[in-house]
Structure formats: C-alpha cells, structure tokens
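*Asks:* The structure under discussion is supplied below as structure tokens; questions concerning it will follow.
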Amino acid sequence: MKSFREIVAAAGFKTDIVPAFSGEDPVLRTRYRIGEAGAAALAALGCAVVELHQLRGGGPQAVAVNLRAAAASLRSARYLRVDGKEPTVWDPMSGFYRVRDGWISIHCNFPNHRDAALRVLDAPEERPAAEAQASPWQGEALEEAIHAAGGCAGFVRTAERWAAHAQSGAVAAGPLLRITRIGDAPRQPLPEHARPLGGVRVLDLTRVLAGPTSAKSLAEHGADILKISAEHLPDNGLVELDTGMGKLSARLDLRTAEGVSTLKRLIGECDVFSQSYRPNALAGRGFSPQALADLRPGIVCVSLSAWGATGPWAARRGFDSIVQSVSGMAAASGSAGKPALMPVSAIDYVSGYLMAFGSVVALGRRAREGGSWLVEVALARIGQWIVERGTLPEGAWRDAPQELPEGELAPLLGEVDSAAGRIRYLKPMLGLSRTPPYWSRPPAPLGAHPAAWPPRE
C-alpha cells in the first residue's frame with residue numbers, strides 16, 4: 001500500500017515486513033479514504049513494534065490490518081459505554097455557526113474555550129442566542145477574536161482559500177512526522193520480554209484524542225503508561241475512560257514546586273515523555289525536549305501540535321474539527337451549503353497512531369545507536385496527508401452507511417469492569433500473529449493512582 005510506504009519513508013524506518021491489508025474504502029459515509037489512512041498508520045506501528053520486539057529477543061511475526069476495522073478505530077470513543085450508558089462526546093455549544101460570509105466552527109468542549117467564545121459573542125450559554133450573535137460577524141474576524149480571547153475556532157474555508165493562506169504553506173512544507181536526535185546517550189537495549197513493549201515506561205501528558213490515543217496504542221503492546229493530568233485543567237469527562245484503556249492515572253500541579261519535583265522524579269525513570277500542550281507551554285516550566293534529554297539521557301520525547309512548528313498559527317490552539325473546518329475538508333463534506341465533519345476523527349486517531357509509531361522507531365534507534373530523541377507530529381499536516389489520499393467517487397461514498405452493521409461491529413467490542421463501572425470499549429484493531437495487542441489494565445478515573453511507577457516485571 002502506497003500510504004504505508006509513505007509513512008515508513010517519512011520516518012526513515014526500514015522493514016522487511018510486508019503487512020497484509022484487507023477490505024476497502026468506502027467504509028463509512030465520507031469522501032475521504034479514511035480506512036486506508038487508518039490501516040496504513042496502524043500497519044506502520046505494527047511493523048515497528050515487531051521489529052523492536054525482535055531486537056529484545058522476540059521472534060518474527062506477521063502484521064495484518066483490515067481497513068473496515070481501522071475505520072472503526074477512528075471513532076473509538078463513540079463506542080464507549082459506561083454501565084450501558086453513552087457518554088456525551090460533543091458539547092451542545094460546539095459546532096458550526098453561520099456568519100456573514102459563511103460558517104465558523106467554534107470549539108466548546110472545554111469550559112474555558114466555551115466561556116471565551118461566549119464572551120466574544122456577548123451571549124449566554126444558549127445555542128440560539130449565540131447563533132444570533134455570531135451571524136453579523138465576518139468569519140475571519142470572529143476566528144481571530146475568539147483566539148485572542150483564549151478560545152478556539154476555525155472559519156470554514158474552501159480548499160482553494162486554505163491553499164492561499166500562509167499557514168497552509170507552512171504546513172505543506174513540513175514532514176509527515178519528524179524524528180530527530182536531540183542529545184547524546186549510550187545505547188540502551190531493552191531486556192527480553194514476552195510483550196513487545198513490556199517494561200517500557202511512558203509519561204502521558206496529553207489531552208483530548210490524538211495524544212491519549214498514542215499512549216493507549218503503546219499500552220496495547222505492554223508499555224506501562226502513567227497518565228498525568230491536573231485538577232485545575234479541563235478534561236474530556238467520561239470519554240477519558242476510552243483513551244485511558246491500559247493506563248494508570250495520577251494528578252500533578254506543575255504550578256507548585258512539589259508537582260515539578262515529582263514530575264522530574266518520574267521523568268528520571270521513564271523511557272517516553274509524550275505531551276500535547278501548545279508550543280513552549282511546558283518549556284516555560286523547565287520541560288523542553290532539550291531539558292528532558294539533560295534530565296534523562298536516552299529519553300524519547302513526543303510532541304503533538306495543531307499547526308506545526310512554523311507559520312503564523314504555530315502557537316495557536318487547534319483540534320481535529322478545527323483543522324477540518326479551516327482546510328476545506330468540512331466544506332467538501334457538507335451539503336446544501338452547510339459544512340459537515342467526517343463521521344470519524346481521522347486526523348486525531350491517525351496522528352495518535354503516528355506518534356506511537358515514531359515512539360517505537362525512536363526506541364529502536366536508542367537501542368541500536370543510543371541518543372535522546374524527539375518525535376514531532378502536527379494535526380494539520382496529518383489532515384493534509386489524508387486529503388492527499390484522494391477522494392472517492394460521489395456515488396460510492398454518498399451511499400455508504402453511517403455506521404458498521406451491528407453484526408460486524410459486535411465482534412470488535414469488549415467489556416471490562418473498572419472503578420468507574422462496567423466499560424464497553426472497542427478492542428485493538430491491529431493484528432499481530434504472535435503477540436496480539438491487548439490492555440492489561442482497565443481504565444480508571446483521572447487521578448485514581450499515585451504518581452509513581454509500578455515495579456518492572
């Protein structure tokens with residue numbers, strides 16, 4: 001598959017494994033080849049996992065991905081049930097608002113972003129009132145005003161209008177993902193283990209979907225994941241239970257000396273540090289990639305941004321839905337003049353899989369040649385790559401279903417008891433012939449565990 005070859009080439013990753021792909025697009029009702037994109041990213045991760053396991057004494061194995069299952073994985077959170085109930089995924093104030101020259105997408109899933117947008121609109125927390133206040137605005141002016149107020153929004157542009165934007169050019173000039181050596185350290189081979197990532201310690205300081213999906217994907221293969229959140233920061237509520245599969249979860253307040261000291265102690269014993277805060281947010285607290293490499297030589301730092309490292313929006317907030325909106329994807333997915341989002345969060349999940357893939361590739365390089373490493377992924381660049389897969393014929397995708405048939409979906413689901421209740425979840429969708437992925441821990445509410453590593457097996 002060409003998409004798979006593009007991913008491994010972007011990472012400079014060489015493998016003799018030829019993944020087996022089955023199924024084809026369209027899977028769900030979208031013009032974009034989401035099954036192919038998801039399957040290619042999962043296959044790349046699978047190959048890297050197998051190669052790393054062989055470095056630590058594991059045997060060869062086959063990698064297989066079904067495009068239909070891969071497409072389902074791109075909406076994993078939609079399948080979450082807690083004691084039979086479906087959690088709220090989307091805040092009612094989030095979504096598309098008509099403005100004078102088109103539409104704007106306003107992100108309100110975090111209370112602070114919702115409050116910022118409502119301040120700009122001078123509206124109460126009532127959708128009709130907010131829509132009325134948005135309608136006289138020019139779209140780009142409202143987009144700028146909401147970001148200036150600390151919120152997040154994206155004016156809905158066509159692909160042609162986005163191509164003329166300075167940030168689009170900066171995104172296009174960036175790599176699909178970047179893996180860079182950022183410091184010297186001796187080789188650090190991993191000891192033999194029954195699971196590919198058994199004993200690998202990962203600090204997960206990410207939020208929403210892409211970053212948490214990356215750490216969740218590493219947990220599938222045996223890594224110990226310690227999710228770090230903070231009481232004062234907004235979160236995704238019960239959806240955190242879906243991205244929390246396989247993880248321990250602790251709270252730290254990095255505004256305090258105690259919180260900083262505890263995080264430094266954890267970093268000194270970890271292998272991977274993953275974060276998705278806006279550029280320089282953690283660096284300002286002493287946790288830049290270079291500082292992390294000094295603190296823990298041999299660390300693999302993983303950084304997710306919305307818009308990439310350069311361009312006028314480099315420091316701007318962004319989410320999957322916002323990238324779809326500004327880049328022409330939402331406009332192309334809509335009908336009757338109104339934009340629409342894809343039925344999957346493909347940008348988020350593919351970004352998460354590529355973050356995990358880059359992490360494993362970097363761990364392999366650390367084992368063979370030493371060094372500290374930085375893996376960088378940007379949502380907007382992944383969105384562009386999905387668009388580059390090409391689109392499906394109109395007649396094909398318009399007739400596709402909104403959901404997998406029940407008989408096909410049921411075998412992909414599992415259930416587990418947790419401290420939060422009985423959890424229904426989507427199983428791992430990557431096929432490995434000798435070490436099939438699974439989560440060894442149920443999800444837990446945020447902050448349920450101490451800020452400490454479990455003993456190594």
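Every chain in the structure tokens takes a letter, A first, then B, and so on in the order presented; its residues are numbered from 1, and the ligands are numbered from 1 following the presented order.
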Enumerate as a PDB file with C-alpha atoms, in the first residue's frame all residues of range 213-353 of chain A assigned to strand (DSSP E) by DSSP on the backbone, naming them with the chain letters and numbers the document uses.

*Replies:*
ATOM      1  CA  ASP A 224       3.390   0.965  31.404  1.00  0.00           C
ATOM      2  CA  ILE A 225       1.540   4.240  30.850  1.00  0.00           C
ATOM      3  CA  LEU A 226       1.225   6.836  33.592  1.00  0.00           C
ATOM      4  CA  LYS A 227      -1.276   9.492  32.595  1.00  0.00           C
ATOM      5  CA  ILE A 228      -0.568  12.859  34.232  1.00  0.00           C
ATOM      6  CA  SER A 229      -3.423  15.364  34.482  1.00  0.00           C
ATOM      7  CA  LYS A 247      -3.220   3.286  31.810  1.00  0.00           C
ATOM      8  CA  LEU A 248      -2.506   4.355  35.349  1.00  0.00           C
ATOM      9  CA  SER A 249      -3.654   7.904  36.072  1.00  0.00           C
ATOM     10  CA  ALA A 250      -2.256  10.484  38.507  1.00  0.00           C
ATOM     11  CA  ARG A 251      -2.720  14.210  39.177  1.00  0.00           C
ATOM     12  CA  VAL A 272       8.969   8.086  26.671  1.00  0.00           C
ATOM     13  CA  PHE A 273       7.582  11.526  27.523  1.00  0.00           C
ATOM     14  CA  SER A 274       4.519  12.474  25.439  1.00  0.00           C
ATOM     15  CA  GLN A 275       2.885  15.904  25.532  1.00  0.00           C
ATOM     16  CA  VAL A 300      12.182   9.731  23.730  1.00  0.00           C
ATOM     17  CA  CYS A 301      10.176  12.968  23.681  1.00  0.00           C
ATOM     18  CA  VAL A 302       6.952  13.017  21.665  1.00  0.00           C
ATOM     19  CA  SER A 303       5.336  16.342  20.838  1.00  0.00           C
ATOM     20  CA  LEU A 304       1.969  16.980  19.186  1.00  0.00           C
ATOM     21  CA  SER A 305       0.989  20.404  17.879  1.00  0.00           C
TER      22      SER A 305
END

*Asks:* Please provide the set of residues having any atom within 7 Å of range 358-367 of chain A, restricted to only C-alpha atoms, with same-chain residues fewer than 5 positions apart removed, written as a list of chain:residue names.

*Replies:*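 Within the cut-off, the hits are A:Ala48, A:Val49, A:Leu52, A:Ile179, A:Arg187, A:Gln188, A:Pro189, A:Leu190, A:Gly298, A:Val300, A:Val302, A:Trp373, A:Val375.
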
*Asks:* Export C-alpha atoms of the chosen residues as a PDB file, in the first residue's frame?

*Replies:*
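Contents of the output file selection-v5.pdb:
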ATOM      1  CA  ALA A  48       7.826  -1.020  14.318  1.00  0.00           C
ATOM      2  CA  VAL A  49       6.527  -2.953  17.327  1.00  0.00           C
ATOM      3  CA  LEU A  52      11.583  -3.657  18.365  1.00  0.00           C
ATOM      4  CA  ILE A 179      12.194  12.064  14.313  1.00  0.00           C
ATOM      5  CA  ARG A 187      22.885   2.597  23.728  1.00  0.00           C
ATOM      6  CA  GLN A 188      20.003   1.340  25.855  1.00  0.00           C
ATOM      7  CA  PRO A 189      18.833  -2.079  24.635  1.00  0.00           C
ATOM      8  CA  LEU A 190      15.627  -3.328  26.207  1.00  0.00           C
ATOM      9  CA  GLY A 298      18.129   8.461  26.336  1.00  0.00           C
ATOM     10  CA  VAL A 300      12.182   9.731  23.730  1.00  0.00           C
ATOM     11  CA  VAL A 302       6.952  13.017  21.665  1.00  0.00           C
ATOM     12  CA  TRP A 373      15.139  11.552  20.507  1.00  0.00           C
ATOM     13  CA  VAL A 375       9.218  12.803  17.646  1.00  0.00           C
TER      14      VAL A 375
END

*Asks:* Using only C-alpha atoms, which of A:Met429, A:Leu209, A:Ala194, A:Ala380 sits nearest Val50 in chain A?

*Replies:*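 Among A:Met429, A:Leu209, A:Ala194, A:Ala380, it is A:Ala194 that comes nearest to Val50 in chain A.
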
*Asks:* Which residue gives the smallest distance to Val239 in chain A among A:Pro428, A:Thr213, A:Ala141, A:Val120, with only C-alpha atoms counted?

*Replies:* A:Thr213

*Asks:* Of the candidates A:Arg33, A:Arg255, A:Arg441, A:Arg119, which one gets nearest to Ala223 in chain A if we count only C-alpha atoms?

*Replies:*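 Between A:Arg33, A:Arg255, A:Arg441, A:Arg119, the residue approaching Ala223 in chain A most closely is A:Arg441.
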
*Asks:* Hey, which of A:Leu379, A:Ala281, A:Val27, A:Leu203 ends up closest to Lys264 in chain A? Count only C-alpha atoms.

*Replies:* A:Leu203
